[in-house]
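Here's work-v2.cif, which has mmCIF, C-alpha atoms and all ligand atoms:
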```cif
data_final
loop_
_atom_site.label_atom_id
_atom_site.label_comp_id
_atom_site.auth_asym_id
_atom_site.auth_seq_id
_atom_site.Cartn_x
_atom_site.Cartn_y
_atom_site.Cartn_z
CA MET A 9 13.55 6.62 16.74
CA THR A 10 10.21 6.72 18.48
CA ILE A 11 7.06 6.87 16.45
CA GLN A 12 4.35 8.98 18.00
CA SER A 13 1.02 7.68 16.85
CA THR A 14 -2.51 7.08 17.97
CA ALA A 15 -5.05 4.77 16.33
CA GLN A 16 -4.85 5.35 12.62
CA SER A 17 -5.85 3.74 9.35
CA ILE A 18 -3.46 4.39 6.49
CA PHE A 19 -3.97 3.56 2.84
CA ILE A 20 -0.79 2.81 0.91
CA THR A 21 -0.91 3.64 -2.75
CA GLY A 22 1.92 3.77 -5.24
CA THR A 23 3.08 5.41 -8.43
CA ASP A 24 2.35 2.14 -10.27
CA THR A 25 2.11 -1.57 -9.81
CA ASP A 26 5.35 -3.27 -8.70
CA VAL A 27 6.84 -0.20 -7.03
CA GLY A 28 7.25 -1.71 -3.58
CA LYS A 29 3.92 -1.09 -1.84
CA THR A 30 3.93 -4.51 -0.17
CA TYR A 31 7.62 -4.20 0.67
CA VAL A 32 7.06 -0.83 2.35
CA CYS A 33 3.86 -2.01 4.10
CA ALA A 34 5.78 -4.89 5.66
CA LEU A 35 8.52 -2.52 6.86
CA LEU A 36 5.95 -0.14 8.35
CA LEU A 37 4.15 -3.00 10.12
CA LYS A 38 7.45 -4.23 11.51
CA GLN A 39 8.35 -0.76 12.77
CA PHE A 40 5.01 -0.28 14.51
CA ASN A 41 4.87 -3.77 15.98
CA GLN A 42 8.45 -3.57 17.22
CA GLN A 43 7.67 -0.47 19.23
CA GLY A 44 4.62 -2.05 20.79
CA GLN A 45 1.84 -0.61 18.66
CA PRO A 46 -0.25 -3.54 17.41
CA ALA A 47 -0.52 -3.15 13.64
CA ILE A 48 -2.30 -5.12 10.95
CA GLY A 49 -1.91 -5.03 7.17
CA TYR A 50 -4.82 -5.50 4.79
CA LYS A 51 -4.90 -6.32 1.09
CA PRO A 52 -8.61 -5.78 0.38
CA ILE A 53 -8.37 -6.75 -3.30
CA ALA A 54 -5.82 -9.15 -4.73
CA ALA A 55 -5.52 -10.50 -8.25
CA GLY A 56 -2.92 -13.18 -8.80
CA ALA A 57 -3.19 -16.11 -6.44
CA GLN A 58 -2.39 -19.79 -6.05
CA GLN A 59 -4.96 -22.48 -5.31
CA THR A 60 -4.12 -24.23 -2.03
CA PRO A 61 -6.02 -26.76 0.11
CA ASP A 62 -7.13 -23.79 2.23
CA GLY A 63 -8.32 -21.73 -0.74
CA LEU A 64 -6.75 -19.00 -2.88
CA ARG A 65 -3.60 -17.39 -1.52
CA ASN A 66 -2.02 -14.17 -2.79
CA ASP A 67 1.66 -13.42 -2.10
CA ASP A 68 1.12 -9.81 -0.97
CA ALA A 69 -1.56 -10.85 1.49
CA LEU A 70 0.67 -13.62 2.87
CA ILE A 71 3.47 -11.11 3.43
CA LEU A 72 1.08 -8.73 5.22
CA GLN A 73 -0.39 -11.59 7.28
CA GLN A 74 3.13 -12.59 8.37
CA ALA A 75 4.04 -8.99 9.31
CA SER A 76 0.80 -8.34 11.23
CA SER A 77 0.39 -8.54 14.97
CA GLY A 78 -1.77 -11.22 16.61
CA ASN A 79 -1.86 -13.96 13.94
CA PRO A 80 -4.87 -12.78 11.95
CA SER A 81 -6.47 -15.27 9.58
CA TYR A 82 -5.84 -15.06 5.86
CA GLN A 83 -9.47 -14.10 5.25
CA THR A 84 -9.13 -11.20 7.67
CA ILE A 85 -6.24 -9.77 5.65
CA ASN A 86 -7.57 -10.43 2.16
CA PRO A 87 -11.34 -10.62 1.74
CA ILE A 88 -11.40 -10.43 -2.08
CA CYS A 89 -9.02 -12.61 -4.06
CA TYR A 90 -8.93 -13.73 -7.70
CA GLU A 91 -6.63 -16.25 -9.30
CA PRO A 92 -5.69 -14.54 -12.60
CA ALA A 93 -2.80 -12.09 -12.28
CA ILE A 94 -4.47 -9.32 -14.27
CA ALA A 95 -6.39 -6.10 -13.55
CA PRO A 96 -8.70 -7.08 -10.66
CA HIS A 97 -11.98 -6.09 -12.33
CA ILE A 98 -11.06 -8.18 -15.37
CA ALA A 99 -9.99 -11.06 -13.12
CA ALA A 100 -13.37 -10.84 -11.37
CA ALA A 101 -15.24 -10.90 -14.67
CA MET A 102 -13.20 -13.91 -15.82
CA VAL A 103 -14.45 -15.96 -12.90
CA GLY A 104 -18.01 -14.66 -13.25
CA GLU A 105 -17.86 -12.37 -10.21
CA SER A 106 -17.96 -8.66 -9.54
CA MET A 107 -16.97 -6.35 -6.73
CA SER A 108 -18.19 -2.96 -5.58
CA ILE A 109 -17.39 -0.07 -3.30
CA GLU A 110 -20.45 -0.98 -1.22
CA GLN A 111 -18.98 -4.44 -0.64
CA LEU A 112 -15.65 -2.93 0.43
CA ASN A 113 -17.34 -0.41 2.73
CA GLN A 114 -19.30 -3.21 4.37
CA TRP A 115 -16.14 -5.27 4.87
CA TRP A 116 -14.41 -2.26 6.43
CA GLN A 117 -17.28 -1.52 8.81
CA GLN A 118 -17.38 -5.12 9.99
CA ARG A 119 -13.63 -5.60 10.54
CA ASP A 120 -12.08 -6.32 13.90
CA GLN A 121 -11.10 -2.93 15.29
CA GLN A 122 -8.67 -4.07 17.98
CA TYR A 123 -5.56 -2.74 16.20
CA GLU A 124 -3.88 0.56 16.88
CA ILE A 125 -2.54 0.85 13.36
CA GLU A 126 -4.14 -0.42 10.19
CA ILE A 127 -2.15 -0.40 6.96
CA ILE A 128 -4.24 -0.98 3.86
CA GLU A 129 -2.38 -1.81 0.68
CA GLY A 130 -4.05 -0.72 -2.54
CA ALA A 131 -3.72 -2.52 -5.84
CA GLY A 132 -1.92 -1.02 -8.81
CA GLY A 133 -1.91 2.77 -8.62
CA TRP A 134 -4.37 5.37 -7.33
CA ARG A 135 -7.10 5.13 -9.98
CA LEU A 136 -7.57 1.39 -9.89
CA PRO A 137 -10.85 0.23 -11.48
CA ILE A 138 -12.80 -2.29 -9.42
CA ASN A 139 -15.65 -2.52 -11.92
CA ASP A 140 -16.76 -0.61 -15.02
CA ASN A 141 -18.03 2.33 -12.95
CA GLN A 142 -16.04 2.49 -9.72
CA TRP A 143 -12.44 2.96 -8.56
CA LEU A 144 -10.73 1.70 -5.43
CA SER A 145 -9.99 5.36 -4.60
CA GLU A 146 -13.73 5.82 -3.88
CA PHE A 147 -13.43 3.42 -0.95
CA VAL A 148 -10.53 5.48 0.43
CA ILE A 149 -12.64 8.64 0.03
CA ASP A 150 -15.71 7.05 1.68
CA GLN A 151 -13.65 5.93 4.68
CA LYS A 152 -11.56 9.14 4.77
CA LEU A 153 -8.36 7.17 5.11
CA ASP A 154 -5.01 8.92 5.33
CA VAL A 155 -2.75 8.16 2.40
CA ILE A 156 0.93 7.38 1.93
CA ILE A 157 2.38 7.25 -1.60
CA VAL A 158 5.17 4.81 -2.38
CA VAL A 159 7.32 6.20 -5.17
CA GLY A 160 9.15 3.48 -7.07
CA MET A 161 12.39 5.24 -7.98
CA LYS A 162 12.73 4.62 -11.71
CA LEU A 163 12.54 6.59 -14.93
CA GLY A 164 9.09 8.16 -15.22
CA CYS A 165 8.49 8.34 -11.47
CA LEU A 166 8.57 12.15 -11.26
CA ASN A 167 5.50 12.43 -13.48
CA HIS A 168 3.78 9.51 -11.75
CA ALA A 169 4.52 10.87 -8.28
CA LEU A 170 3.29 14.40 -9.08
CA LEU A 171 0.12 13.13 -10.75
CA THR A 172 -0.62 10.73 -7.91
CA VAL A 173 -0.27 13.29 -5.14
CA GLU A 174 -2.33 15.76 -7.16
CA ALA A 175 -5.11 13.22 -7.65
CA VAL A 176 -5.17 12.11 -4.01
CA LYS A 177 -5.31 15.70 -2.79
CA ASN A 178 -7.99 16.60 -5.34
CA ASP A 179 -9.99 13.71 -3.91
CA GLY A 180 -9.97 15.63 -0.62
CA LEU A 181 -7.74 13.25 1.29
CA ASN A 182 -4.89 13.81 3.69
CA VAL A 183 -1.53 12.75 2.27
CA ILE A 184 0.65 11.89 5.28
CA GLY A 185 3.63 11.80 2.98
CA TRP A 186 5.56 9.76 0.46
CA ILE A 187 8.31 7.19 0.62
CA ALA A 188 11.13 6.84 -1.90
CA ASN A 189 11.66 3.18 -2.66
CA GLN A 190 14.83 2.28 -4.49
CA LEU A 191 14.02 -0.77 -6.54
CA SER A 192 16.50 -3.57 -7.21
CA GLU A 193 17.47 -1.88 -10.50
CA PRO A 194 19.46 1.23 -9.47
CA MET A 195 18.06 4.47 -10.86
CA PRO A 196 20.52 6.64 -12.81
CA TYR A 197 20.83 10.07 -11.14
CA TYR A 198 18.89 8.77 -8.14
CA GLN A 199 19.88 11.63 -5.84
CA THR A 200 19.02 14.30 -8.43
CA ASN A 201 15.60 12.77 -8.95
CA LEU A 202 15.08 12.44 -5.21
CA ASP A 203 16.05 16.07 -4.64
CA TYR A 204 13.51 17.13 -7.27
CA LEU A 205 10.75 15.20 -5.50
CA ILE A 206 11.71 16.54 -2.07
CA LYS A 207 11.46 20.06 -3.47
CA ASN A 208 8.32 19.62 -5.55
CA MET A 209 6.09 17.06 -3.89
CA PRO A 210 3.43 18.92 -1.87
CA ALA A 211 3.78 16.45 1.01
CA PRO A 212 6.67 15.44 3.28
CA MET A 213 9.05 12.61 2.48
CA LEU A 214 8.69 10.05 5.26
CA GLY A 215 11.80 8.12 4.37
CA GLU A 216 13.88 6.24 1.87
CA VAL A 217 14.07 2.51 1.49
CA ASN A 218 17.28 1.32 -0.07
CA SER A 219 17.54 -1.58 -2.44
CA ASN A 220 19.76 -3.91 -0.45
CA GLN A 221 16.73 -5.37 1.32
CA GLN A 222 17.42 -3.35 4.42
CA ALA A 223 15.70 -0.31 5.76
CA LYS A 224 17.90 2.64 6.55
CA PRO A 225 18.22 3.02 10.35
CA LYS A 226 16.02 6.11 10.60
CA LEU A 227 13.61 4.93 8.01
CA PHE A 228 10.19 6.42 8.47
CA ASP A 229 9.67 9.84 9.95
CA LEU A 230 6.26 9.25 11.39
CA ALA A 231 6.15 12.47 13.34
CA HIS A 232 3.74 13.46 10.56
CA PHE A 233 1.24 10.85 11.72
CA SER A 234 -1.67 12.01 13.79
N1 LIG B 301 13.53 -1.69 -1.55
C1 LIG B 301 13.51 -2.88 -2.14
N2 LIG B 301 14.60 -3.67 -2.12
C2 LIG B 301 14.60 -4.87 -2.70
N3 LIG B 301 13.55 -5.40 -3.35
C3 LIG B 301 12.44 -4.65 -3.41
C4 LIG B 301 12.35 -3.37 -2.83
N4 LIG B 301 11.12 -2.88 -3.06
C5 LIG B 301 10.47 -3.81 -3.76
N5 LIG B 301 11.25 -4.88 -3.98
C6 LIG B 301 10.88 -6.10 -4.72
O1 LIG B 301 10.27 -5.67 -5.94
C7 LIG B 301 9.14 -6.46 -6.23
C8 LIG B 301 7.89 -5.57 -6.29
O2 LIG B 301 7.66 -5.03 -4.99
P1 LIG B 301 6.23 -5.12 -4.32
O3 LIG B 301 5.64 -6.47 -4.52
O4 LIG B 301 6.37 -4.64 -2.92
O5 LIG B 301 5.46 -4.06 -5.24
P2 LIG B 301 3.92 -3.65 -5.16
O6 LIG B 301 3.86 -2.20 -5.50
O7 LIG B 301 3.35 -4.09 -3.88
O8 LIG B 301 3.29 -4.50 -6.37
P3 LIG B 301 1.73 -4.82 -6.64
O9 LIG B 301 1.22 -3.69 -7.46
O10 LIG B 301 1.79 -6.12 -7.40
O11 LIG B 301 1.04 -4.95 -5.32
C9 LIG B 301 9.06 -7.53 -5.15
O12 LIG B 301 9.73 -8.68 -5.59
C10 LIG B 301 9.82 -6.89 -3.98
O13 LIG B 301 10.40 -7.83 -3.11
MG MG B 302 1.82 -5.41 -3.55
#
```
Go ahead and express the file in the form of structure tokens.
Amino acid sequence: MTIQSTAQSIFITGTDTDVGKTYVCALLLKQFNQQGQPAIGYKPIAAGAQQTPDGLRNDDALILQQASSGNPSYQTINPICYEPAIAPHIAAAMVGESMSIEQLNQWWQQRDQQYEIEIIEGAGGWRLPINDNQWLSEFVIDQKLDVIIVVGMKLGCLNHALLTVEAVKNDGLNVIGWIANQLSEPMPYYQTNLDYLIKNMPAPMLGEVNSNQQAKPKLFDLAHFS
């Protein structure tokens, strides 16, 4: 299928941590790059990283770097990185640092804007604290980014999906749509749950990702993109 899209910055959130945000981001980047639209993936905040001779490296950011067009540097993809694999604001405090929305806004304004598509992976779910007084969602609001919600298809996801889309919309943002991601553990009554979401989510389903590591042929319906 052909994706119709102009320059766009898309924030990828999820129903929870570990629901396949990075997995879906990599698939989206691949789809855009394969059809000749240069796309880059960002992981603005990462917690959980290995020390290497080149500095801290986070697995999500490495996956996004690999899937991005034009060999961007690691620092370009992931400006804020902490070693402990815990909530990022706690990880920051543990190493005597802090982060803020102002810092993220400044990073965003100074980024290289040569890409047609920018995919920004969040951390955790929608209301992710970045310090005691601010959430990552405030950065998305400040920059008016369009949002895609990755729904990790497991027990509890109906509640998480409905609450997430409600919160994003209440924050005044455009939800392009949501993606059903079947995790490696098959969900009992998958199709029944999916049908419920299709009927009740106030945003279009952009596609399903199956759990055998392979995207379905007509994966993302990006006709909804601007
Ligand atoms: N559709 C899928 N098929 C197979 N494996 C998957 C699929 N989706 C996710 N996974 C695997 O599940 C794990 C969690 O996925 P992923 O890292 O993409 O989640 P995440 O939401 O980005 O997590 P985090 O909140 O840590 O950023 C990874 O090992 C990933 O490879
Ligand atoms: Mg991730």
Using all atoms listed in the file, which protein or nucleic acid residues come within 9 Å of range 177-191 of chain A? Drop anything in the same chain fewer than 4 positions from it, and give the result as an MDAnalysis selection string.
chainID A and resid 18 27:29 32 145:146 148:149 152:162 169 172:173 195 198 202 209:220 228 230 232:234
Edge lengths and centre in Å to one decimal, as lines of an AutoDock Vina configuration file, of the axis-aligned box that encloses all listed atoms of ligand LIG 301 (chain B) with 3 Å added on every side?
```
center_x = 7.8
center_y = -5.2
center_z = -4.5
size_x = 19.6
size_y = 13.0
size_z = 11.9
```
Would you please work out which residue, of A:Gln114, A:Ile48, A:His97, A:Ile109, is nearest to Ile85 in chain A when using only C-alpha atoms?
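With only C-alpha atoms as the atom set, the closest residue is A:Ile48.
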List every protein, DNA or RNA residue that has at least one atom no more than 6 Å from (-1.7, -5.7, 10.9) in the file's coordinates, counting only C-alpha atoms, and write the result as a VMD selection string.
chain A and resid 47 to 49 76 to 77 126
Any chance you can output those residues with C-alpha atoms as a compact mmCIF listing (two decimals), in the coordinates of the input?
```txt
# COMPACT_ATOMS: atom_id res chain seq x y z
CA ALA A 47 -0.52 -3.15 13.64
CA ILE A 48 -2.30 -5.12 10.95
CA GLY A 49 -1.91 -5.03 7.17
CA SER A 76 0.80 -8.34 11.23
CA SER A 77 0.39 -8.54 14.97
CA GLU A 126 -4.14 -0.42 10.19
```
Neighbours of ligand MG 302 (chain B) within 9 Å, counting all atoms listed in the file, as a PyMOL selection string?
chain A and resi 25-31+33+51+54+67-69+129-132
Check the smallest atom-to-atom distance from each of A:Gln16, A:Thr23, A:Ser108, A:Gln58 to ligand LIG 301 (chain B) using only C-alpha atoms and all ligand atoms, then report the winner.
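Among the listed residues, A:Thr23 lies closest to ligand LIG 301 (chain B).
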What does the distance between CA of Glu124 in chain A and CA of Asn41 in chain A come to in Å, to one decimal place?
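Straight-line distance from CA of Glu124 in chain A to CA of Asn41 in chain A works out to 9.8 Å.
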Point-to-point distance in Å for CA of Ile127 in chain A and CA of Gln45 in chain A:
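CA of Ile127 in chain A lies 12.4 Å from CA of Gln45 in chain A.
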What lies within 9 Å of Glu91 in chain A using all atoms listed in the file, ignoring chain neighbours under 6 positions off, as a compact mmCIF listing (two decimals) with C-alpha atoms, in the frame of the given file?
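So the final result, stored in result.txt, reads:
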```txt
# COMPACT_ATOMS: atom_id res chain seq x y z
CA ALA A 54 -5.82 -9.15 -4.73
CA ALA A 55 -5.52 -10.50 -8.25
CA GLY A 56 -2.92 -13.18 -8.80
CA ALA A 57 -3.19 -16.11 -6.44
CA GLN A 58 -2.39 -19.79 -6.05
CA GLN A 59 -4.96 -22.48 -5.31
CA LEU A 64 -6.75 -19.00 -2.88
CA ARG A 65 -3.60 -17.39 -1.52
CA ASN A 66 -2.02 -14.17 -2.79
CA ALA A 99 -9.99 -11.06 -13.12
CA ALA A 100 -13.37 -10.84 -11.37
CA VAL A 103 -14.45 -15.96 -12.90
```
Nearest residue to ligand LIG 301 (chain B) from the set A:Gln151, A:Asn86, A:Ser192, A:Asn208 (distances using all atoms listed in the file):
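Once distances to ligand LIG 301 (chain B) are computed over all atoms listed in the file, the minimum belongs to A:Ser192.
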Which one of A:Leu171, A:Ala15, A:Ala93, A:Leu36 sits closest to ligand LIG 301 (chain B) if you count all atoms listed in the file?
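That would be A:Ala93, the residue with the smallest distance to ligand LIG 301 (chain B).
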Smallest atom-to-atom distance to Ile53 in chain A: which of A:Cys89, A:Leu170, A:Leu37, A:Leu72, using all atoms listed in the file?
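Looking at the shortest contact to Ile53 in chain A, the residue is A:Cys89.
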Select, from A:Ile88, A:Leu205, A:Gln74, A:Gln118, the residue with the minimum atom-to-atom distance to His168 in chain A, counting all atoms listed in the file.
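Checking each of A:Ile88, A:Leu205, A:Gln74, A:Gln118 against His168 in chain A, counting all atoms listed in the file, the winner is A:Leu205.
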What is the distance, in Å and to one decimal place, between atom O1 of ligand LIG 301 (chain B) and CA of Trp134 in chain A?
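Going from atom O1 of ligand LIG 301 (chain B) over to CA of Trp134 in chain A, I get 18.4 Å.
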Output: range 86-124 of chain A of the preceding structure, restricted to N, CA and C atoms, written as a JSON list (two decimals), in the first residue's frame.
```json
[["chain", "number", "residue", "atom", "x", "y", "z"],
["A", 86, "ASN", "N", 18.75, 9.89, 21.22],
["A", 86, "ASN", "CA", 18.45, 9.77, 22.66],
["A", 86, "ASN", "C", 19.27, 10.78, 23.48],
["A", 87, "PRO", "N", 18.70, 11.97, 23.65],
["A", 87, "PRO", "CA", 19.45, 13.02, 24.37],
["A", 87, "PRO", "C", 19.54, 12.81, 25.89],
["A", 88, "ILE", "N", 18.55, 12.14, 26.47],
["A", 88, "ILE", "CA", 18.54, 11.97, 27.94],
["A", 88, "ILE", "C", 18.50, 10.48, 28.27],
["A", 89, "CYS", "N", 19.54, 10.01, 28.95],
["A", 89, "CYS", "CA", 19.66, 8.57, 29.19],
["A", 89, "CYS", "C", 20.20, 8.32, 30.60],
["A", 90, "TYR", "N", 19.53, 7.43, 31.32],
["A", 90, "TYR", "CA", 19.98, 7.06, 32.67],
["A", 90, "TYR", "C", 20.20, 5.56, 32.74],
["A", 91, "GLU", "N", 21.15, 5.18, 33.56],
["A", 91, "GLU", "CA", 21.51, 3.76, 33.64],
["A", 91, "GLU", "C", 20.46, 2.90, 34.36],
["A", 92, "PRO", "N", 19.93, 3.32, 35.51],
["A", 92, "PRO", "CA", 19.01, 2.41, 36.21],
["A", 92, "PRO", "C", 17.71, 2.18, 35.44],
["A", 93, "ALA", "N", 17.28, 0.93, 35.40],
["A", 93, "ALA", "CA", 16.05, 0.59, 34.67],
["A", 93, "ALA", "C", 14.84, 0.76, 35.59],
["A", 94, "ILE", "N", 14.56, 2.00, 35.94],
["A", 94, "ILE", "CA", 13.43, 2.32, 36.81],
["A", 94, "ILE", "C", 12.73, 3.56, 36.26],
["A", 95, "ALA", "N", 11.67, 4.02, 36.93],
["A", 95, "ALA", "CA", 10.97, 5.22, 36.46],
["A", 95, "ALA", "C", 12.01, 6.33, 36.22],
["A", 96, "PRO", "N", 11.96, 6.97, 35.03],
["A", 96, "PRO", "CA", 13.03, 7.90, 34.66],
["A", 96, "PRO", "C", 13.30, 9.01, 35.68],
["A", 97, "HIS", "N", 12.26, 9.57, 36.31],
["A", 97, "HIS", "CA", 12.54, 10.67, 37.24],
["A", 97, "HIS", "C", 13.25, 10.15, 38.50],
["A", 98, "ILE", "N", 13.00, 8.89, 38.85],
["A", 98, "ILE", "CA", 13.72, 8.30, 39.99],
["A", 98, "ILE", "C", 15.16, 7.97, 39.57],
["A", 99, "ALA", "N", 15.29, 7.47, 38.34],
["A", 99, "ALA", "CA", 16.63, 7.17, 37.82],
["A", 99, "ALA", "C", 17.48, 8.44, 37.79],
["A", 100, "ALA", "N", 16.86, 9.55, 37.38],
["A", 100, "ALA", "CA", 17.58, 10.83, 37.32],
["A", 100, "ALA", "C", 18.04, 11.23, 38.73],
["A", 101, "ALA", "N", 17.12, 11.13, 39.68],
["A", 101, "ALA", "CA", 17.45, 11.51, 41.06],
["A", 101, "ALA", "C", 18.57, 10.63, 41.61],
["A", 102, "MET", "N", 18.57, 9.36, 41.24],
["A", 102, "MET", "CA", 19.59, 8.43, 41.74],
["A", 102, "MET", "C", 20.99, 8.82, 41.31],
["A", 103, "VAL", "N", 21.08, 9.43, 40.13],
["A", 103, "VAL", "CA", 22.41, 9.85, 39.66],
["A", 103, "VAL", "C", 22.62, 11.35, 39.86],
["A", 104, "GLY", "N", 21.78, 11.95, 40.70],
["A", 104, "GLY", "CA", 21.96, 13.36, 41.08],
["A", 104, "GLY", "C", 21.62, 14.34, 39.97],
["A", 105, "GLU", "N", 20.74, 13.91, 39.05],
["A", 105, "GLU", "CA", 20.35, 14.81, 37.95],
["A", 105, "GLU", "C", 18.85, 15.07, 37.99],
["A", 106, "SER", "N", 18.42, 15.95, 37.11],
["A", 106, "SER", "CA", 16.98, 16.18, 36.98],
["A", 106, "SER", "C", 16.69, 16.53, 35.52],
["A", 107, "MET", "N", 15.46, 16.41, 35.14],
["A", 107, "MET", "CA", 15.09, 16.81, 33.77],
["A", 107, "MET", "C", 13.81, 17.62, 33.83],
["A", 108, "SER", "N", 13.55, 18.37, 32.76],
["A", 108, "SER", "CA", 12.39, 19.25, 32.76],
["A", 108, "SER", "C", 11.79, 19.35, 31.37],
["A", 109, "ILE", "N", 10.57, 19.82, 31.33],
["A", 109, "ILE", "CA", 9.89, 20.06, 30.05],
["A", 109, "ILE", "C", 10.65, 21.12, 29.25],
["A", 110, "GLU", "N", 11.16, 22.13, 29.95],
["A", 110, "GLU", "CA", 11.90, 23.20, 29.27],
["A", 110, "GLU", "C", 13.11, 22.62, 28.52],
["A", 111, "GLN", "N", 13.79, 21.69, 29.19],
["A", 111, "GLN", "CA", 14.95, 21.03, 28.58],
["A", 111, "GLN", "C", 14.53, 20.25, 27.33],
["A", 112, "LEU", "N", 13.42, 19.54, 27.43],
["A", 112, "LEU", "CA", 12.92, 18.77, 26.28],
["A", 112, "LEU", "C", 12.49, 19.69, 25.15],
["A", 113, "ASN", "N", 11.81, 20.78, 25.48],
["A", 113, "ASN", "CA", 11.39, 21.74, 24.45],
["A", 113, "ASN", "C", 12.59, 22.33, 23.72],
["A", 114, "GLN", "N", 13.63, 22.63, 24.49],
["A", 114, "GLN", "CA", 14.84, 23.20, 23.89],
["A", 114, "GLN", "C", 15.50, 22.19, 22.94],
["A", 115, "TRP", "N", 15.58, 20.93, 23.40],
["A", 115, "TRP", "CA", 16.14, 19.88, 22.54],
["A", 115, "TRP", "C", 15.34, 19.78, 21.25],
["A", 116, "TRP", "N", 14.04, 19.81, 21.36],
["A", 116, "TRP", "CA", 13.17, 19.66, 20.19],
["A", 116, "TRP", "C", 13.36, 20.82, 19.21],
["A", 117, "GLN", "N", 13.46, 22.05, 19.76],
["A", 117, "GLN", "CA", 13.62, 23.20, 18.87],
["A", 117, "GLN", "C", 14.96, 23.19, 18.14],
["A", 118, "GLN", "N", 15.95, 22.56, 18.77],
["A", 118, "GLN", "CA", 17.30, 22.59, 18.18],
["A", 118, "GLN", "C", 17.61, 21.36, 17.33],
["A", 119, "ARG", "N", 16.66, 20.44, 17.17],
["A", 119, "ARG", "CA", 16.95, 19.21, 16.43],
["A", 119, "ARG", "C", 17.13, 19.51, 14.95],
["A", 120, "ASP", "N", 17.75, 18.55, 14.27],
["A", 120, "ASP", "CA", 17.92, 18.62, 12.83],
["A", 120, "ASP", "C", 16.56, 18.35, 12.18],
["A", 121, "GLN", "N", 16.10, 19.31, 11.38],
["A", 121, "GLN", "CA", 14.73, 19.14, 10.84],
["A", 121, "GLN", "C", 14.72, 18.68, 9.38],
["A", 122, "GLN", "N", 15.69, 17.84, 9.02],
["A", 122, "GLN", "CA", 15.76, 17.42, 7.62],
["A", 122, "GLN", "C", 14.82, 16.25, 7.30],
["A", 123, "TYR", "N", 14.19, 15.65, 8.30],
["A", 123, "TYR", "CA", 13.40, 14.45, 8.07],
["A", 123, "TYR", "C", 11.95, 14.76, 7.71],
["A", 124, "GLU", "N", 11.39, 13.90, 6.88],
["A", 124, "GLU", "CA", 9.99, 14.09, 6.50],
["A", 124, "GLU", "C", 9.06, 13.57, 7.59]]
```
